[in-house]
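Structure first, commentary second.
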Amino acid sequence: MSPVPPQDVRKAAKRAVGWIEDGKAGKGFTDTGRKRAHQLADGDDVSADVLKRMRDYFSRHGGDKDATGFRRGSEGYPSPGRVAWDAWGGDAGERWANRKSNGG
């Protein structure tokens, strides 16, 4: 059986869905990001393949956290990078995907 996203992962993805609907995702936002945000926000089961994709996403985009508009209270918040980060479950998603990959 595939794991269900924890509540904190769902919360981040729900926030991203709202931002996406508000047009804050930016021009480069992908259909994959939209799909992932809805999957996680809805609490749908996540396959081992999706967990691997999540780990890959976070390892490629960790530097986005240093960009303008990533942190609440900073100018341009939420930046498209922040929207995408939360679409994949945010910091909680990163921790969860890494934990699951290590057998947790």
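Labeling convention for the structure tokens: chains A, B, ... as they appear, residues from 1 per chain, ligands from 1 in order of appearance.
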Contact residues around Thr68 (chain A) with only C-alpha atoms at 8 Å, ignoring same-chain residues under 4 positions, as a ChimeraX atom specification: /A:74-77,79
Which of chain A DSSP labels helix (DSSP H, G or I), written as JSON, numbers by chain: {"A": [7, 8, 9, 10, 11, 12, 13, 14, 15, 16, 17, 18, 19, 20, 21, 31, 32, 33, 34, 35, 36, 37, 38, 39, 40, 41, 48, 49, 50, 51, 52, 53, 54, 55, 56, 57, 58, 59, 60, 61, 62, 63, 64, 65, 66, 80, 81, 82, 83, 84, 85, 86, 87, 90, 91, 92, 93, 94, 95, 96, 97, 98, 99, 100, 101]}
Write the residues of the selection above to a file with C-alpha atoms, as an mmCIF file, in the first residue's frame.
```
data_model
loop_
_atom_site.group_PDB
_atom_site.id
_atom_site.type_symbol
_atom_site.label_atom_id
_atom_site.label_comp_id
_atom_site.auth_asym_id
_atom_site.auth_seq_id
_atom_site.Cartn_x
_atom_site.Cartn_y
_atom_site.Cartn_z
ATOM 1 C CA GLN A 7 -1.040 16.579 7.396
ATOM 2 C CA ASP A 8 1.826 19.096 7.231
ATOM 3 C CA VAL A 9 2.591 18.044 3.642
ATOM 4 C CA ARG A 10 -1.085 18.395 2.732
ATOM 5 C CA LYS A 11 -1.192 21.850 4.341
ATOM 6 C CA ALA A 12 1.740 23.127 2.246
ATOM 7 C CA ALA A 13 0.226 21.697 -0.940
ATOM 8 C CA LYS A 14 -3.169 23.264 -0.154
ATOM 9 C CA ARG A 15 -1.456 26.619 0.280
ATOM 10 C CA ALA A 16 0.190 26.131 -3.134
ATOM 11 C CA VAL A 17 -3.138 25.236 -4.764
ATOM 12 C CA GLY A 18 -4.547 28.539 -3.526
ATOM 13 C CA TRP A 19 -1.558 30.458 -4.844
ATOM 14 C CA ILE A 20 -1.802 28.658 -8.188
ATOM 15 C CA GLU A 21 -5.482 29.607 -8.428
ATOM 16 C CA ASP A 31 1.318 20.707 -15.260
ATOM 17 C CA THR A 32 3.324 18.222 -13.204
ATOM 18 C CA GLY A 33 3.559 20.785 -10.392
ATOM 19 C CA ARG A 34 -0.197 21.379 -10.571
ATOM 20 C CA LYS A 35 -0.900 17.659 -10.500
ATOM 21 C CA ARG A 36 1.465 17.108 -7.558
ATOM 22 C CA ALA A 37 -0.064 19.980 -5.569
ATOM 23 C CA HIS A 38 -3.553 18.549 -5.983
ATOM 24 C CA GLN A 39 -2.436 14.983 -5.281
ATOM 25 C CA LEU A 40 -0.749 15.978 -2.037
ATOM 26 C CA ALA A 41 -3.431 18.482 -0.974
ATOM 27 C CA ALA A 48 7.414 4.998 -4.452
ATOM 28 C CA ASP A 49 8.018 6.565 -7.877
ATOM 29 C CA VAL A 50 6.379 9.829 -6.810
ATOM 30 C CA LEU A 51 8.399 9.867 -3.588
ATOM 31 C CA LYS A 52 11.547 9.498 -5.703
ATOM 32 C CA ARG A 53 10.399 12.391 -7.916
ATOM 33 C CA MET A 54 9.789 14.464 -4.801
ATOM 34 C CA ARG A 55 13.299 13.740 -3.502
ATOM 35 C CA ASP A 56 14.725 14.626 -6.914
ATOM 36 C CA TYR A 57 12.727 17.875 -7.051
ATOM 37 C CA PHE A 58 13.894 18.987 -3.613
ATOM 38 C CA SER A 59 17.529 18.112 -4.291
ATOM 39 C CA ARG A 60 17.469 20.205 -7.496
ATOM 40 C CA HIS A 61 15.583 23.185 -6.052
ATOM 41 C CA GLY A 62 17.023 23.651 -2.567
ATOM 42 C CA GLY A 63 18.709 26.850 -3.733
ATOM 43 C CA ASP A 64 15.296 28.380 -4.438
ATOM 44 C CA LYS A 65 14.919 28.898 -0.696
ATOM 45 C CA ASP A 66 17.546 31.672 -0.884
ATOM 46 C CA PRO A 80 6.964 31.308 -8.151
ATOM 47 C CA GLY A 81 9.753 29.222 -6.614
ATOM 48 C CA ARG A 82 7.952 29.227 -3.267
ATOM 49 C CA VAL A 83 4.690 28.244 -4.944
ATOM 50 C CA ALA A 84 6.442 25.331 -6.641
ATOM 51 C CA TRP A 85 8.230 24.311 -3.414
ATOM 52 C CA ASP A 86 4.922 24.118 -1.558
ATOM 53 C CA ALA A 87 3.263 22.351 -4.495
ATOM 54 C CA GLY A 90 7.218 22.257 1.124
ATOM 55 C CA ASP A 91 9.803 21.594 3.821
ATOM 56 C CA ALA A 92 7.525 18.924 5.285
ATOM 57 C CA GLY A 93 7.376 17.196 1.906
ATOM 58 C CA GLU A 94 11.143 17.227 1.649
ATOM 59 C CA ARG A 95 11.515 15.660 5.105
ATOM 60 C CA TRP A 96 8.795 13.089 4.398
ATOM 61 C CA ALA A 97 10.156 12.029 1.000
ATOM 62 C CA ASN A 98 13.667 11.682 2.426
ATOM 63 C CA ARG A 99 12.429 9.720 5.444
ATOM 64 C CA LYS A 100 10.394 7.388 3.231
ATOM 65 C CA SER A 101 13.396 6.774 0.992
#
```
